[in-house]
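One structure is given below, encoded as structure tokens.
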Amino acid sequence: MRLGTPIKIAAGLGALVVVAVIAVVVVLMTIDVNQYKPEIVAEVEKATGRQLTIDGDLGLSIGLSPAIGVDGVTFANADWGSRPEMVKVGHFAAEVDLFSLLGGGITVNRLVLEDADILLETKADGSGNWAMGPAEAAPAETEAAPADSGEGGMSGLPAIRAVTIKNARLTYIDGTGGPGTELLIESLDAEADGLSGPLAVDLKAVFNQLPVTVVGDLPSVQALRSGGPLPMDVTIETAGATLKVSGSIADALQQKGIDLAIALSGEQIARLAELPQAAGMAVPVPALGPYDIKLAAKGDLPNLSIMGLDVELGEDGALFITAKGDVKNPMGPSGINVALAVKAEDLSALEQMGGDLSAVPPFEMAATVKDQGPAWALSDIVFKGAGSDLAGTALVDVSGARPKAEVDLTSEVLDLATLMPPAEDGAAAEPAARKDKVFPSDPLPFDLLKMADAKVKLAAGQLILPNKMPIHDLSVDLALDNGRLAIAPAEATLGDGRLTSNVVLDASSGSNAGLAVDVIGKQINAGKLVQAMSGEKLLTEGLTDVTVKLKGGGASVAALMGSLNGNLLIDTGEGRVHNRLLNWAGADVFNQLAEELNPFTEKREYTPMMCTVVNFKVTDGVAVTDQGIAFETDKMTVVSSGKINLGTEQLDMAVRPKAKSGTGIGAGKLAEMVRLNGTLANPGVGLDVAGAAKTAASVGAAVATGGISLLAQGLMERSSADPDPCATAKGVASTRPAAESDNSASGSPTDAVGDAASGAGKAAEDALKGVEEGLGGLFGN
């Protein structure tokens with residue numbers, strides 16, 4: 001065959017096509033398309049069971065891409081619908097590719113929809129108004145879609161290359177009681193080069209009163225129908241946020257081959273509360289400022305991985321949070337390796353979530369979070385703020401019946417006085433109302449001790465308690481196991497001395513808990529502690545040894561105190577006491593006692609202290625001391641005996657002063673016996689003048705002094721001849737020589753009582769009220 005023959009054949013076929021197209025155009029130009037309106041309406045009603053109304057004339061423009069348009073189209077709603085029309089369209093137009101008709105399909109080059117109002121709604125049973133067709137011929141909802149029929153359409157539908165929508169409203173009403181939805185489309189331009197080409201979208205709309213814009217390329221219609229691959233590169237803006245998604249999904253139906261880069265940013269995260277998904281949130285989104293989130297989502301669901309997570313939230317000068325790392329399986333979750341950091345200077349934005357955070361000092365903290373099987377590991381823990389620091393690791397296992405935690409922390413300085421300042425309350429300055437009891441009887445929440453198990457180690461170079469007491473070289477081991485809390489050991493340097501304690505609170509067996517306290521302190525410089533807490537040099541030296549060994553049990557603080565057994569010993573050596581010390585300590589009662597007991601008229605800024613001893617034996621909640629409290633200065637001694645019932649909180653103590661030999665002081669007020677009684681919450685002070693002078697345990701003396709004289713007599717008789725009351729208080733042999741008789745006292749004991757009584761009566765009466773108030777202040781009333 002000659003070369004020119006195929007060319008001639010092709011030219012002839014081309015001419016034939018052109019003639020055919022011209023013929024079709026000529027035919028269309030001579031057709032009045034409005035004559036087909038009744039047929040169109042009938043066919044739609046036959047297919048859907050709904051009425052189609054076309055108020056305007058059908059318009060037809062002829063060209064290589066004929067276009068048909070119509071105004072005033074309505075489509076009936078379901079008979080149960082909330083309004084007669086499901087769809088109302090002001091103007092509709094479709095431009096058809098004439099050559100697609102020759103191939104047996106229909107391709108719409110552009111579809112235009114203006115002034116449309118579309119209503120989608122459901123009944124209470126969930127069925128929607130979009131379910132159409134004669135009841136006897138309604139297709140099954142789960143039928144598989146037939147294969148594409150090529151570029152001319154799929155499932156017999158036309159292929160649409162471009163859509164333009166202006167001023168359209170889409171409303172969804174949920175008849176089951178769910179939230180409704182309204183989409184107002186200001187403009188939508190969507191274009192695709194056939195069903196297999198990507199869909200370029202430019203949307204400006206308002207979704208539930210929230211402006212939304214969408215710009216970018218979405219997967220093709222054919223890809224969406226087949227499930228992949230789905231390439232995309234789209235930007236969505238709403239609620240002040242910009243969301244960018246780029247990448248592809250290889251198989252959307254099987255949720256495999258996901259490879260997406262996602263970025264979300266905005267100027268104010270609180271605006272995310274405007275999103276419909278945030279409606280009804282119990283906690284408002286705080287106004288923390290700008291945010292920037294980047295991540296890559298890779299893999300197959302449900303084992304999708306988040307790689308390159310990079311989060312920034314907030315701003316400098318307020319609260320700034322960052323998170324960086326990977327999460328290999330967020331659905332697990334597992335494969336977590338994320339570094340978190342928080343820098344807080346002003347937390348006022350969080351107060352809308354509840355609570356006053358104005359007292360929280362600025363701080364910085366960071367940690368790296370990793371999962372280790374069923375446990376979560378926190379490494380590189382760092383905290384800095386308010387002159388304090390912490391560093392260490394933590395491991396938390398939540399897989400068992402009770403969570404378990406292991407924490408190991410170190411600190412150079414841990415200043416609790418600054419980290420936990422007292423609340424500023426104007427009412428706090430007012431006198432507090434008196435309480436009936438010091439030790440509350442409310443059941444303690446021991447069940448909380450059974451909610452988790454823990455092992456905690458803390459080593460701090462310096463710990464400053466809320467009362468500003470400094471502790472150095474602190475080492476604490478804490479163990480919590482099924483309700484048994486053991487702080488053993490806890491060791492520290494306190495006032496240049498060493499303190500070791502072991503405390504066990506065992507609530508493993510029920511609502512009652514067993515308490516064991518064992519504290520040993522050696523050569524603690526009390527003067528340094530007082531100066532650190534008060535800021536003044538109110539006490540010098542005063543090296544102190546402390547021994548506390550107590551055991552008890554109960555369901556409340558009152559029950560624990562009322563069951564204690566053991567002993568308490570505090571032994572303080574030489575030092576000098578400033579007169580303001582007791583005022584600073586809040587113990588006005590002892591200042592009052594000192595005024596009543598001290599016969600010296602001279603006023604000295606400091607009083608030399610030889611020793612101080614407090615020694616109690618505790619049996620079944622009753623703390624008893626027989627000359628176990630002693631205080632000695634260079635000119636006098638004060639000795640006390642009595643008991644404190646920790647269960648009933650009853651207080652009954654006798655205090656006996658004595659001038660040292662050679663001071664030249666007469667008996668005077670030193671013959672007086674002071675009695676402390678009442679309760680710990682409401683103590684009282686009285687002067688037992690008559691009972692102090694009795695030498696026999698007479699019934700009359702007991703009645704006259706309310707019974708305290710029986711205790712006072714023995715105290716006077718023995719303490720008056722004691723050359724070393726501190727040794728006696730400690731229960732050890734004295735190394736001092738026997739005391740000589742007190743030559744400073746003259747006359748018989750009876751004369752001394754008379755002299756004392758004549759001058760002390762009014763002074764005692766005047767002092768009682770102030771002393772009682774001071775004693776109340778000692779116990780927090």
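As shown in the structure tokens, the chain order sets the letters A, B, ...; within each chain, residues go from 1, and ligands are also counted from 1 in the order they appear.
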*Considering only C-alpha atoms, return as number ranges by chain whatever protein or nucleic-acid residues lie within 6 Å of range 399-414 of chain A, sequence-local ones (same chain, fewer than 6 positions apart) excluded.*
A: 374, 388-393, 451-463
Go ahead and dump the residues you just picked, C-alpha atoms, as an mmCIF file, in the first residue's frame.
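Output file again.cif is given in full below:
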data_model
loop_
_atom_site.group_PDB
_atom_site.id
_atom_site.type_symbol
_atom_site.label_atom_id
_atom_site.label_comp_id
_atom_site.auth_asym_id
_atom_site.auth_seq_id
_atom_site.Cartn_x
_atom_site.Cartn_y
_atom_site.Cartn_z
ATOM 1 C CA PRO A 374 4.667 -1.500 80.097
ATOM 2 C CA SER A 388 15.887 25.658 93.497
ATOM 3 C CA ASP A 389 16.931 22.854 91.200
ATOM 4 C CA LEU A 390 16.159 19.192 90.643
ATOM 5 C CA ALA A 391 17.612 16.566 88.318
ATOM 6 C CA GLY A 392 17.169 12.833 87.940
ATOM 7 C CA THR A 393 15.129 10.016 86.469
ATOM 8 C CA MET A 451 -3.405 3.299 95.213
ATOM 9 C CA ALA A 452 0.213 3.006 94.087
ATOM 10 C CA ASP A 453 3.622 1.628 95.015
ATOM 11 C CA ALA A 454 6.728 3.775 94.888
ATOM 12 C CA LYS A 455 10.434 3.944 95.623
ATOM 13 C CA VAL A 456 11.855 7.438 95.888
ATOM 14 C CA LYS A 457 15.401 8.574 96.528
ATOM 15 C CA LEU A 458 16.266 12.201 97.130
ATOM 16 C CA ALA A 459 19.705 13.652 97.726
ATOM 17 C CA ALA A 460 19.879 17.411 98.338
ATOM 18 C CA GLY A 461 22.871 19.541 99.164
ATOM 19 C CA GLN A 462 20.580 22.005 100.924
ATOM 20 C CA LEU A 463 16.860 21.788 101.741
#
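Of the residues listed (A:Leu444, A:Ala507, A:Val655, A:Val87), A:Leu444 shows the shortest atom-to-atom separation from Ala555 in chain A; distances use only C-alpha atoms.
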*Who sits within 6 Å of Ile68 in chain A, only C-alpha atoms, same chain under 4 positions skipped, as number ranges by chain*: A: 59-60, 93-94
Resulting file, chosen residues, C-alpha atoms, as a PDB file, in the first residue's frame:
ATOM      1  CA  GLY A  59     -31.610  27.685  27.502  1.00  0.00           C
ATOM      2  CA  LEU A  60     -29.257  26.092  24.972  1.00  0.00           C
ATOM      3  CA  ALA A  93     -25.859  25.449  33.897  1.00  0.00           C
ATOM      4  CA  ALA A  94     -23.839  22.628  32.357  1.00  0.00           C
TER       5      ALA A  94
END
*Could you pull out the strand (DSSP E) residues of range 339-466 of chain A from DSSP and send them as JSON, numbers by chain?*
{"A": [339, 340, 341, 342, 343, 344, 363, 364, 365, 366, 367, 368, 369, 370, 371, 372, 375, 376, 377, 378, 379, 380, 381, 382, 383, 384, 385, 388, 389, 390, 391, 392, 393, 394, 395, 396, 397, 404, 405, 406, 407, 408, 409, 410, 411, 412, 413, 414, 415, 453, 454, 455, 456, 457, 458, 459, 460, 461, 462, 463, 464]}
_Surrounding residues of Ser358 in chain A excluding itself and chain neighbours under 4 positions, 9 Å, only C-alpha atoms, as an MDAnalysis selection string_ = chainID A and resid 346:348 351
Once you have the residues from the selection above, write them out as a PDB file, in the first residue's frame, restricted to N, CA and C atoms.
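Listing of selection30.pdb after writing:
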ATOM      1  N   ASP A 346       4.855  33.530  83.598  1.00  0.00           N
ATOM      2  CA  ASP A 346       3.568  34.096  83.989  1.00  0.00           C
ATOM      3  C   ASP A 346       2.489  33.078  83.626  1.00  0.00           C
ATOM      4  N   LEU A 347       1.828  32.498  84.659  1.00  0.00           N
ATOM      5  CA  LEU A 347       0.840  31.449  84.435  1.00  0.00           C
ATOM      6  C   LEU A 347      -0.588  31.968  84.518  1.00  0.00           C
ATOM      7  N   SER A 348      -0.771  33.274  84.418  1.00  0.00           N
ATOM      8  CA  SER A 348      -2.114  33.838  84.561  1.00  0.00           C
ATOM      9  C   SER A 348      -3.077  33.306  83.507  1.00  0.00           C
ATOM     10  N   GLU A 351      -5.279  30.421  84.661  1.00  0.00           N
ATOM     11  CA  GLU A 351      -6.197  30.591  85.770  1.00  0.00           C
ATOM     12  C   GLU A 351      -7.644  30.407  85.352  1.00  0.00           C
TER      13      GLU A 351
END
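The space between CA of Leu224 in chain A and CA of Leu253 in chain A spans 9.2 Å.
Residues in contact range of Pro470 in chain A, defined as at most 9 Å between only C-alpha atoms, with sequence neighbours fewer than 3 positions away removed, read Asp415, Gln462, Leu463, Ile464, Leu465, Asn467, Leu494, Gly495, Leu529, Ala532 and Met533 of chain A.
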Near-range 297-302 of chain A list (10 Å; only C-alpha atoms; drop same-chain fewer than 5 positions) as a short mmCIF file (atom, residue, chain, number, x, y, z; two decimals) with N, CA and C atoms, in the first residue's frame:
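Dumped to selection-v7.cif:
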data_model
loop_
_atom_site.label_atom_id
_atom_site.label_comp_id
_atom_site.auth_asym_id
_atom_site.auth_seq_id
_atom_site.Cartn_x
_atom_site.Cartn_y
_atom_site.Cartn_z
N GLY A 247 1.51 15.21 50.62
CA GLY A 247 2.00 13.83 50.57
C GLY A 247 1.00 12.95 49.85
N SER A 248 0.93 11.69 50.26
CA SER A 248 0.03 10.77 49.57
C SER A 248 -0.33 9.60 50.48
N ILE A 249 -1.41 8.93 50.09
CA ILE A 249 -1.84 7.69 50.73
C ILE A 249 -1.92 6.64 49.63
N ALA A 250 -1.11 5.61 49.75
CA ALA A 250 -1.05 4.61 48.67
C ALA A 250 -2.35 3.83 48.53
N ASP A 251 -2.95 3.46 49.65
CA ASP A 251 -4.17 2.66 49.62
C ASP A 251 -5.06 3.13 50.76
N ALA A 252 -6.02 4.02 50.44
CA ALA A 252 -6.89 4.56 51.47
C ALA A 252 -7.88 3.53 51.98
N GLN A 254 -7.41 0.30 52.38
CA GLN A 254 -6.73 -0.58 53.34
C GLN A 254 -5.95 0.21 54.39
N GLN A 255 -5.96 1.55 54.27
CA GLN A 255 -5.27 2.43 55.21
C GLN A 255 -3.78 2.08 55.28
N LYS A 256 -3.17 1.96 54.10
CA LYS A 256 -1.76 1.60 54.02
C LYS A 256 -1.02 2.61 53.16
N GLY A 257 0.29 2.65 53.38
CA GLY A 257 1.14 3.52 52.57
C GLY A 257 0.91 4.99 52.83
N ILE A 258 0.70 5.36 54.09
CA ILE A 258 0.47 6.77 54.43
C ILE A 258 1.83 7.47 54.53
N ASP A 259 1.96 8.58 53.83
CA ASP A 259 3.18 9.38 53.86
C ASP A 259 2.78 10.84 53.73
N LEU A 260 2.50 11.47 54.89
CA LEU A 260 1.97 12.81 54.89
C LEU A 260 2.83 13.72 55.77
N ALA A 261 3.03 14.93 55.30
CA ALA A 261 3.65 15.98 56.10
C ALA A 261 2.53 16.92 56.55
N ILE A 262 2.41 17.14 57.86
CA ILE A 262 1.31 17.91 58.43
C ILE A 262 1.89 19.07 59.23
N MET A 307 6.74 10.89 63.04
CA MET A 307 8.17 11.15 63.02
C MET A 307 8.42 12.66 62.94
N GLY A 308 9.53 13.08 63.51
CA GLY A 308 9.90 14.49 63.44
C GLY A 308 8.90 15.42 64.09
N LEU A 309 8.29 14.97 65.18
CA LEU A 309 7.34 15.84 65.89
C LEU A 309 8.08 17.08 66.42
N VAL A 327 7.09 9.22 67.70
CA VAL A 327 6.16 8.27 68.31
C VAL A 327 5.89 7.20 67.26
N LYS A 328 6.54 6.05 67.39
CA LYS A 328 6.45 5.04 66.34
C LYS A 328 5.06 4.43 66.24
N ASN A 329 4.34 4.32 67.36
CA ASN A 329 2.99 3.76 67.33
C ASN A 329 2.11 4.53 68.29
N PRO A 330 1.54 5.66 67.83
CA PRO A 330 0.71 6.46 68.74
C PRO A 330 -0.58 5.77 69.15
N MET A 331 -1.04 4.79 68.39
CA MET A 331 -2.26 4.08 68.75
C MET A 331 -2.02 3.10 69.87
N GLY A 332 -0.73 2.73 70.05
CA GLY A 332 -0.38 1.73 71.06
C GLY A 332 -0.60 2.16 72.49
#
_I need the residue nearest Gly628 in chain A from this list: A:Val44, A:Ala490, A:Met561, A:Ala727. Use only C-alpha atoms for the distance._
A:Ala727
*Name all residues at most 7 Å from Ser508 in chain A (count only C-alpha atoms; drop same-chain ones fewer than 2 positions away) and give them as a ChimeraX atom specification.*
/A:482-484,506,510
*asked:* So that I can check the secondary structure, give me every residue of range 54-292 of chain A assigned helix (DSSP H, G or I) by backbone DSSP, as a VMD selection string.
replied: chain A and resid 98 to 102 135 to 137 221 to 226 269 to 274 276 to 278
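Proximity to Pro361 in chain A was assessed for A:Val546, A:Met420, A:Leu646, A:Ala341 counting only C-alpha atoms; the smallest distance is recorded for A:Met420.
Proximity ranking of A:Gly266, A:Phe75, A:Val476, A:Lys468 relative to Ser534 in chain A places A:Lys468 first, based on only C-alpha atoms.
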*Quote the spacing between CA of Thr540 in chain A and CA of Asp473 in chain A in Å to one decimal place.*
22.6 Å
